[in-house]
file model29.pdb (PDB, C-alpha atoms)
ATOM      1  CA  MET A   1     131.070  87.198 107.050
ATOM      2  CA  ALA A   2     127.738  85.493 107.706
ATOM      3  CA  GLN A   3     127.538  81.763 107.327
ATOM      4  CA  PHE A   4     124.620  79.762 106.075
ATOM      5  CA  SER A   5     123.724  76.144 105.735
ATOM      6  CA  PHE A   6     120.726  74.183 104.608
ATOM      7  CA  ILE A   7     118.716  72.539 107.344
ATOM      8  CA  PRO A   8     119.045  68.751 107.155
ATOM      9  CA  SER A   9     115.770  66.859 106.887
ATOM     10  CA  ALA A  10     116.114  65.491 110.428
ATOM     11  CA  GLU A  11     116.512  69.001 111.841
ATOM     12  CA  VAL A  12     113.503  70.276 109.889
ATOM     13  CA  SER A  13     111.377  68.172 112.229
ATOM     14  CA  ASP A  14     112.408  70.587 114.997
ATOM     15  CA  LEU A  15     110.596  73.277 113.009
ATOM     16  CA  ALA A  16     107.567  71.044 112.471
ATOM     17  CA  GLU A  17     105.306  73.041 114.789
ATOM     18  CA  ASP A  18     105.978  76.300 112.922
ATOM     19  CA  ILE A  19     105.390  74.545 109.600
ATOM     20  CA  ARG A  20     102.173  72.913 110.827
ATOM     21  CA  GLU A  21     100.835  76.275 112.032
ATOM     22  CA  ILE A  22     101.708  77.943 108.727
ATOM     23  CA  PHE A  23      99.951  75.234 106.702
ATOM     24  CA  GLU A  24      96.876  75.426 108.966
ATOM     25  CA  GLU A  25      96.748  79.203 108.518
ATOM     26  CA  LEU A  26      97.108  78.891 104.752
ATOM     27  CA  ALA A  27      94.372  76.258 104.611
ATOM     28  CA  SER A  28      91.995  78.619 106.407
ATOM     29  CA  THR A  29      92.855  81.758 104.414
ATOM     30  CA  LEU A  30      93.504  80.645 100.824
ATOM     31  CA  THR A  31      90.700  80.350  98.294
ATOM     32  CA  SER A  32      90.101  76.958  96.703
ATOM     33  CA  ASP A  33      91.867  77.964  93.467
ATOM     34  CA  GLN A  34      94.995  78.918  95.472
ATOM     35  CA  ARG A  35      95.144  75.570  97.314
ATOM     36  CA  ALA A  36      97.308  72.655  96.261
ATOM     37  CA  TYR A  37      95.441  70.060  98.404
ATOM     38  CA  SER A  38      98.153  67.487  97.690
ATOM     39  CA  GLY A  39     101.672  67.160  96.425
ATOM     40  CA  GLU A  40     104.983  68.584  97.456
ATOM     41  CA  CYS A  41     106.974  71.289  95.727
ATOM     42  CA  HIS A  42     110.716  72.052  96.014
ATOM     43  CA  PRO A  43     111.347  75.592  94.747
ATOM     44  CA  PRO A  44     115.082  76.258  94.315
ATOM     45  CA  LEU A  45     116.729  79.099  96.199
ATOM     46  CA  ASP A  46     119.968  81.067  96.331
ATOM     47  CA  VAL A  47     121.642  82.724  99.315
ATOM     48  CA  VAL A  48     123.666  85.841  98.494
ATOM     49  CA  GLU A  49     125.701  87.979 100.894
ATOM     50  CA  THR A  50     126.797  91.583 100.530
ATOM     51  CA  ASP A  51     128.644  93.810 102.989
ATOM     52  CA  ASP A  52     125.284  95.047 104.326
ATOM     53  CA  ALA A  53     122.853  92.131 104.114
ATOM     54  CA  VAL A  54     122.076  88.524 103.360
ATOM     55  CA  GLU A  55     119.526  87.943 100.599
ATOM     56  CA  VAL A  56     117.628  84.727  99.970
ATOM     57  CA  VAL A  57     116.043  84.459  96.520
ATOM     58  CA  MET A  58     113.547  81.674  95.804
ATOM     59  CA  ASP A  59     111.669  80.764  92.618
ATOM     60  CA  MET A  60     107.985  81.569  93.130
ATOM     61  CA  SER A  61     106.579  81.368  89.620
ATOM     62  CA  GLY A  62     102.821  80.938  89.859
ATOM     63  CA  VAL A  63     102.663  81.405  93.654
ATOM     64  CA  SER A  64     100.549  84.265  94.970
ATOM     65  CA  PRO A  65     102.091  86.399  97.742
ATOM     66  CA  GLY A  66      99.214  85.415 100.031
ATOM     67  CA  ALA A  67     100.206  81.740  99.754
ATOM     68  CA  VAL A  68     103.683  82.244 101.264
ATOM     69  CA  ARG A  69     104.856  82.827 104.832
ATOM     70  CA  VAL A  70     108.360  83.768 105.987
ATOM     71  CA  VAL A  71     109.489  83.233 109.594
ATOM     72  CA  PHE A  72     112.889  83.814 111.235
ATOM     73  CA  ARG A  73     113.432  81.983 114.518
ATOM     74  CA  ALA A  74     116.577  80.846 116.343
ATOM     75  CA  GLY A  75     118.842  81.555 113.384
ATOM     76  CA  VAL A  76     116.657  79.705 110.862
ATOM     77  CA  LEU A  77     114.874  81.417 107.989
ATOM     78  CA  LEU A  78     111.766  79.343 107.199
ATOM     79  CA  ILE A  79     109.857  79.832 103.956
ATOM     80  CA  ALA A  80     106.629  77.840 103.599
ATOM     81  CA  GLY A  81     103.618  77.962 101.328
ATOM     82  CA  GLU A  82     101.512  76.322  98.658
ATOM     83  CA  LYS A  83     101.722  76.377  94.878
ATOM     84  CA  ALA A  84      98.384  75.519  93.306
ATOM     85  CA  PRO A  85      98.210  73.534  90.073
ATOM     86  CA  PRO A  86      96.898  75.320  86.992
ATOM     87  CA  MET A  87      93.178  75.340  86.409
ATOM     88  CA  VAL A  88      92.219  72.372  84.234
ATOM     89  CA  ARG A  89      89.567  72.640  81.587
ATOM     90  CA  GLU A  90      87.655  69.580  80.394
ATOM     91  CA  SER A  91      88.953  69.992  76.866
ATOM     92  CA  GLN A  92      92.608  69.806  77.973
ATOM     93  CA  THR A  93      94.876  66.827  77.653
ATOM     94  CA  PHE A  94      98.287  67.065  79.289
ATOM     95  CA  HIS A  95     101.116  65.494  77.285
ATOM     96  CA  LEU A  96     103.968  66.529  79.554
ATOM     97  CA  VAL A  97     103.866  67.775  83.153
ATOM     98  CA  GLU A  98     107.178  68.828  84.695
ATOM     99  CA  ARG A  99     106.257  71.724  86.947
ATOM    100  CA  GLU A 100     105.830  70.895  90.621
ATOM    101  CA  PHE A 101     102.780  71.871  92.640
ATOM    102  CA  GLY A 102     101.893  71.443  96.265
ATOM    103  CA  ARG A 103     103.094  72.532  99.676
ATOM    104  CA  PHE A 104     106.668  73.548 100.286
ATOM    105  CA  ALA A 105     108.822  74.381 103.285
ATOM    106  CA  ARG A 106     112.465  75.393 102.999
ATOM    107  CA  GLY A 107     114.710  76.280 105.907
ATOM    108  CA  VAL A 108     118.107  77.981 105.805
ATOM    109  CA  ARG A 109     120.249  78.386 108.910
ATOM    110  CA  LEU A 110     121.917  81.812 108.935
ATOM    111  CA  THR A 111     124.773  82.425 111.331
ATOM    112  CA  GLY A 112     125.434  86.059 112.116
ATOM    113  CA  ALA A 113     123.625  89.059 113.527
ATOM    114  CA  PHE A 114     120.669  90.411 111.534
ATOM    115  CA  ASP A 115     118.167  93.232 112.005
ATOM    116  CA  VAL A 116     115.109  91.048 111.427
ATOM    117  CA  GLN A 117     112.745  93.952 112.202
ATOM    118  CA  GLN A 118     114.178  95.806 109.194
ATOM    119  CA  GLY A 119     114.073  92.689 107.000
ATOM    120  CA  ARG A 120     111.842  92.744 103.959
ATOM    121  CA  ALA A 121     110.365  90.183 101.600
ATOM    122  CA  THR A 122     108.983  90.879  98.128
ATOM    123  CA  ILE A 123     107.641  88.744  95.301
ATOM    124  CA  ARG A 124     108.335  90.186  91.883
ATOM    125  CA  ASP A 125     108.677  88.594  88.454
ATOM    126  CA  GLY A 126     108.285  85.095  89.885
ATOM    127  CA  GLU A 127     110.972  85.477  92.559
ATOM    128  CA  LEU A 128     110.697  85.857  96.311
ATOM    129  CA  SER A 129     113.494  88.053  97.638
ATOM    130  CA  ILE A 130     114.125  88.184 101.387
ATOM    131  CA  VAL A 131     116.702  90.736 102.562
ATOM    132  CA  LEU A 132     118.011  90.606 106.126
ATOM    133  CA  PRO A 133     120.259  93.579 106.956
ATOM    134  CA  LYS A 134     123.356  92.700 108.945
ATOM    135  CA  ILE A 135     124.100  94.346 112.247
ATOM    136  CA  ASP A 136     127.385  94.498 114.065
ATOM    137  CA  ASP A 137     127.698  91.332 116.143
ATOM    138  CA  ARG A 138     129.325  92.394 119.385
ATOM    139  CA  ARG A 139     129.357  89.004 121.083
ATOM    140  CA  GLY A 140     132.901  87.987 121.960
ATOM    141  CA  ARG A 141     134.186  91.571 121.789
ATOM    142  CA  ALA A 142     135.220  93.601 124.785
ATOM    143  CA  GLN A 143     132.774  96.404 125.438
ATOM    144  CA  ARG A 144     133.263  99.136 127.976
ATOM    145  CA  ILE A 145     130.583  99.500 130.616
ATOM    146  CA  ALA A 146     130.325 102.870 132.300
ATOM    147  CA  ILE A 147     130.787 102.904 136.076
ATOM    148  CA  ASP A 148     128.400 104.987 138.096
ATOM    149  CA  SER A 149     129.842 106.410 141.298
ATOM    150  CA  GLY A 150     126.631 105.654 143.148
ATOM    151  CA  ARG A 151     126.339 109.249 144.345
ATOM    152  CA  THR A 152     123.074 111.009 143.936
ATOM    153  CA  ALA A 153     122.983 114.712 143.327
TER     154      ALA A 153
END

call {"tool": "encode", "arguments": {"input": "model29.pdb", "output": "structure tokens"}}
result
Amino acid sequence: MAQFSFIPSAEVSDLAEDIREIFEELASTLTSDQRAYSGECHPPLDVVETDDAVEVVMDMSGVSPGAVRVVFRAGVLLIAGEKAPPMVRESQTFHLVEREFGRFARGVRLTGAFDVQQGRATIRDGELSIVLPKIDDRRGRAQRIAIDSGRTA
């Protein structure tokens, strides 16, 4: 069984360079109406395991696929992006604002062996789904190594 844990805030600083690069890339590629410019967002996520894969599902309502990046490095799945606020018209007056907008970065440590090359991420119906297929982790198991006689034919 794979294990997962949330990355404590102090450990997230170890991923700061990846996060900084992602935010710089987003700033250079997103249009002005896709940018948050300020604020911080905390989209909730779930981690689900099956016999074949681990799936991370994150709320992405109102976030365009181009405003999200997913990186897997050293056992940490990093999801970062920006959620832009809604367009405001002059005739609008907000009476209640509960939805969060701004940049976000979430990291989940996944312990186990995964085929990251076969992993896939999709945004559909306001949810980001990241599926990482499991592979057989052979570390710690005895594996036979063939012995060559050293003779050449």

call {"tool": "axis_aligned_box", "arguments": {"input": "model29.pdb", "around": "segment 70-85 of chain A", "padding_each_side": "3 Å", "output": "lines of an AutoDock Vina configuration file"}}
result
center_x = 108.5
center_y = 78.7
center_z = 103.2
size_x = 26.6
size_y = 16.3
size_z = 32.3

call {"tool": "residues_around", "arguments": {"input": "model29.pdb", "residues": "Gly39 of chain A", "least_positions_apart": "5", "cutoff": "10 Å", "atoms": "all atoms listed in the file", "output": "list in words"}}
result
Glu82, Lys83, Ala84, Pro85, Glu100, Phe101, Gly102, Arg103 and Phe104 of chain A

call {"tool": "write_last_selection", "arguments": {"input": "model29.pdb", "atoms": "C-alpha atoms", "output": "CSV table (one decimal), in the coordinates of the input"}}
result
chain,number,residue,atom,x,y,z
A,82,GLU,CA,101.5,76.3,98.7
A,83,LYS,CA,101.7,76.4,94.9
A,84,ALA,CA,98.4,75.5,93.3
A,85,PRO,CA,98.2,73.5,90.1
A,100,GLU,CA,105.8,70.9,90.6
A,101,PHE,CA,102.8,71.9,92.6
A,102,GLY,CA,101.9,71.4,96.3
A,103,ARG,CA,103.1,72.5,99.7
A,104,PHE,CA,106.7,73.5,100.3

call {"tool": "resolve_selection", "arguments": {"input": "model29.pdb", "expression": "the PyMOL selection byres ((chain A and resi 80) around 7)", "output": "ChimeraX atom specification"}}
result
/A:19,68-70,78-79,81,104-106

call {"tool": "closest_residue", "arguments": {"input": "model29.pdb", "among": "A:Ala36, A:Val97, A:Met60, A:Leu77", "to": "Thr122 of chain A", "atoms": "all atoms listed in the file"}}
result
A:Met60

call {"tool": "closest_residue", "arguments": {"input": "model29.pdb", "among": "A:Val54, A:Ala74, A:Ala67, A:Val116", "to": "Ser32 of chain A", "atoms": "all atoms listed in the file"}}
result
A:Ala67

call {"tool": "resolve_selection", "arguments": {"input": "model29.pdb", "expression": "the PyMOL selection byres ((chain A and resi 53) around 7)", "output": "PyMOL selection string"}}
result
chain A and resi 49-52+54-55+131-134

call {"tool": "write_last_selection", "arguments": {"input": "model29.pdb", "atoms": "C-alpha atoms", "output": "CSV table (one decimal), in the coordinates of the input"}}
result
chain,number,residue,atom,x,y,z
A,49,GLU,CA,125.7,88.0,100.9
A,50,THR,CA,126.8,91.6,100.5
A,51,ASP,CA,128.6,93.8,103.0
A,52,ASP,CA,125.3,95.0,104.3
A,54,VAL,CA,122.1,88.5,103.4
A,55,GLU,CA,119.5,87.9,100.6
A,131,VAL,CA,116.7,90.7,102.6
A,132,LEU,CA,118.0,90.6,106.1
A,133,PRO,CA,120.3,93.6,107.0
A,134,LYS,CA,123.4,92.7,108.9

call {"tool": "atom_distance", "arguments": {"input": "model29.pdb", "atom1": "atom CA of Thr93 of chain A", "atom2": "atom CA of Pro65 of chain A"}}
result
29.0 Å

call {"tool": "atom_distance", "arguments": {"input": "model29.pdb", "atom1": "atom CA of Gly112 of chain A", "atom2": "atom CA of Leu45 of chain A"}}
result
19.4 Å

call {"tool": "build_atoms", "arguments": {"input": "model29.pdb", "residues": "segment 66-90 of chain A", "atoms": "N, CA and C atoms", "output": "compact mmCIF listing (two decimals), in the coordinates of the input"}}
result
# COMPACT_ATOMS: atom_id res chain seq x y z
N GLY A 66 100.01 85.84 98.89
CA GLY A 66 99.21 85.42 100.03
C GLY A 66 99.38 83.94 100.38
N ALA A 67 100.03 83.18 99.52
CA ALA A 67 100.21 81.74 99.75
C ALA A 67 101.59 81.41 100.30
N VAL A 68 102.32 82.44 100.76
CA VAL A 68 103.68 82.24 101.26
C VAL A 68 103.80 82.90 102.64
N ARG A 69 104.53 82.25 103.53
CA ARG A 69 104.86 82.83 104.83
C ARG A 69 106.36 82.72 105.04
N VAL A 70 106.93 83.74 105.68
CA VAL A 70 108.36 83.77 105.99
C VAL A 70 108.51 84.01 107.48
N VAL A 71 109.28 83.15 108.15
CA VAL A 71 109.49 83.23 109.59
C VAL A 71 110.98 83.11 109.87
N PHE A 72 111.49 83.93 110.80
CA PHE A 72 112.89 83.81 111.24
C PHE A 72 112.87 83.53 112.72
N ARG A 73 113.41 82.36 113.11
CA ARG A 73 113.43 81.98 114.52
C ARG A 73 114.71 81.19 114.79
N ALA A 74 115.40 81.57 115.86
CA ALA A 74 116.58 80.85 116.34
C ALA A 74 117.60 80.61 115.24
N GLY A 75 117.83 81.64 114.43
CA GLY A 75 118.84 81.56 113.38
C GLY A 75 118.43 80.80 112.14
N VAL A 76 117.15 80.44 112.03
CA VAL A 76 116.66 79.70 110.86
C VAL A 76 115.63 80.56 110.13
N LEU A 77 115.85 80.75 108.84
CA LEU A 77 114.87 81.42 107.99
C LEU A 77 114.01 80.32 107.38
N LEU A 78 112.70 80.35 107.67
CA LEU A 78 111.77 79.34 107.20
C LEU A 78 110.83 79.98 106.19
N ILE A 79 110.75 79.37 105.02
CA ILE A 79 109.86 79.83 103.96
C ILE A 79 108.91 78.67 103.66
N ALA A 80 107.61 78.91 103.82
CA ALA A 80 106.63 77.84 103.60
C ALA A 80 105.44 78.40 102.83
N GLY A 81 104.79 77.53 102.07
CA GLY A 81 103.62 77.96 101.33
C GLY A 81 103.03 76.85 100.49
N GLU A 82 102.16 77.25 99.57
CA GLU A 82 101.51 76.32 98.66
C GLU A 82 101.52 76.89 97.25
N LYS A 83 101.81 76.01 96.29
CA LYS A 83 101.72 76.38 94.88
C LYS A 83 100.61 75.54 94.28
N ALA A 84 99.55 76.21 93.86
CA ALA A 84 98.38 75.52 93.31
C ALA A 84 98.66 75.08 91.87
N PRO A 85 98.08 73.96 91.47
CA PRO A 85 98.21 73.53 90.07
C PRO A 85 97.39 74.46 89.17
N PRO A 86 97.68 74.46 87.89
CA PRO A 86 96.90 75.32 86.99
C PRO A 86 95.46 74.81 86.89
N MET A 87 94.58 75.72 86.59
CA MET A 87 93.18 75.34 86.41
C MET A 87 93.08 74.42 85.19
N VAL A 88 92.36 73.34 85.32
CA VAL A 88 92.22 72.37 84.23
C VAL A 88 90.83 72.51 83.62
N ARG A 89 90.84 72.60 82.31
CA ARG A 89 89.57 72.64 81.59
C ARG A 89 89.28 71.24 81.04
N GLU A 90 88.03 70.92 80.87
CA GLU A 90 87.66 69.58 80.39
C GLU A 90 88.27 69.26 79.04
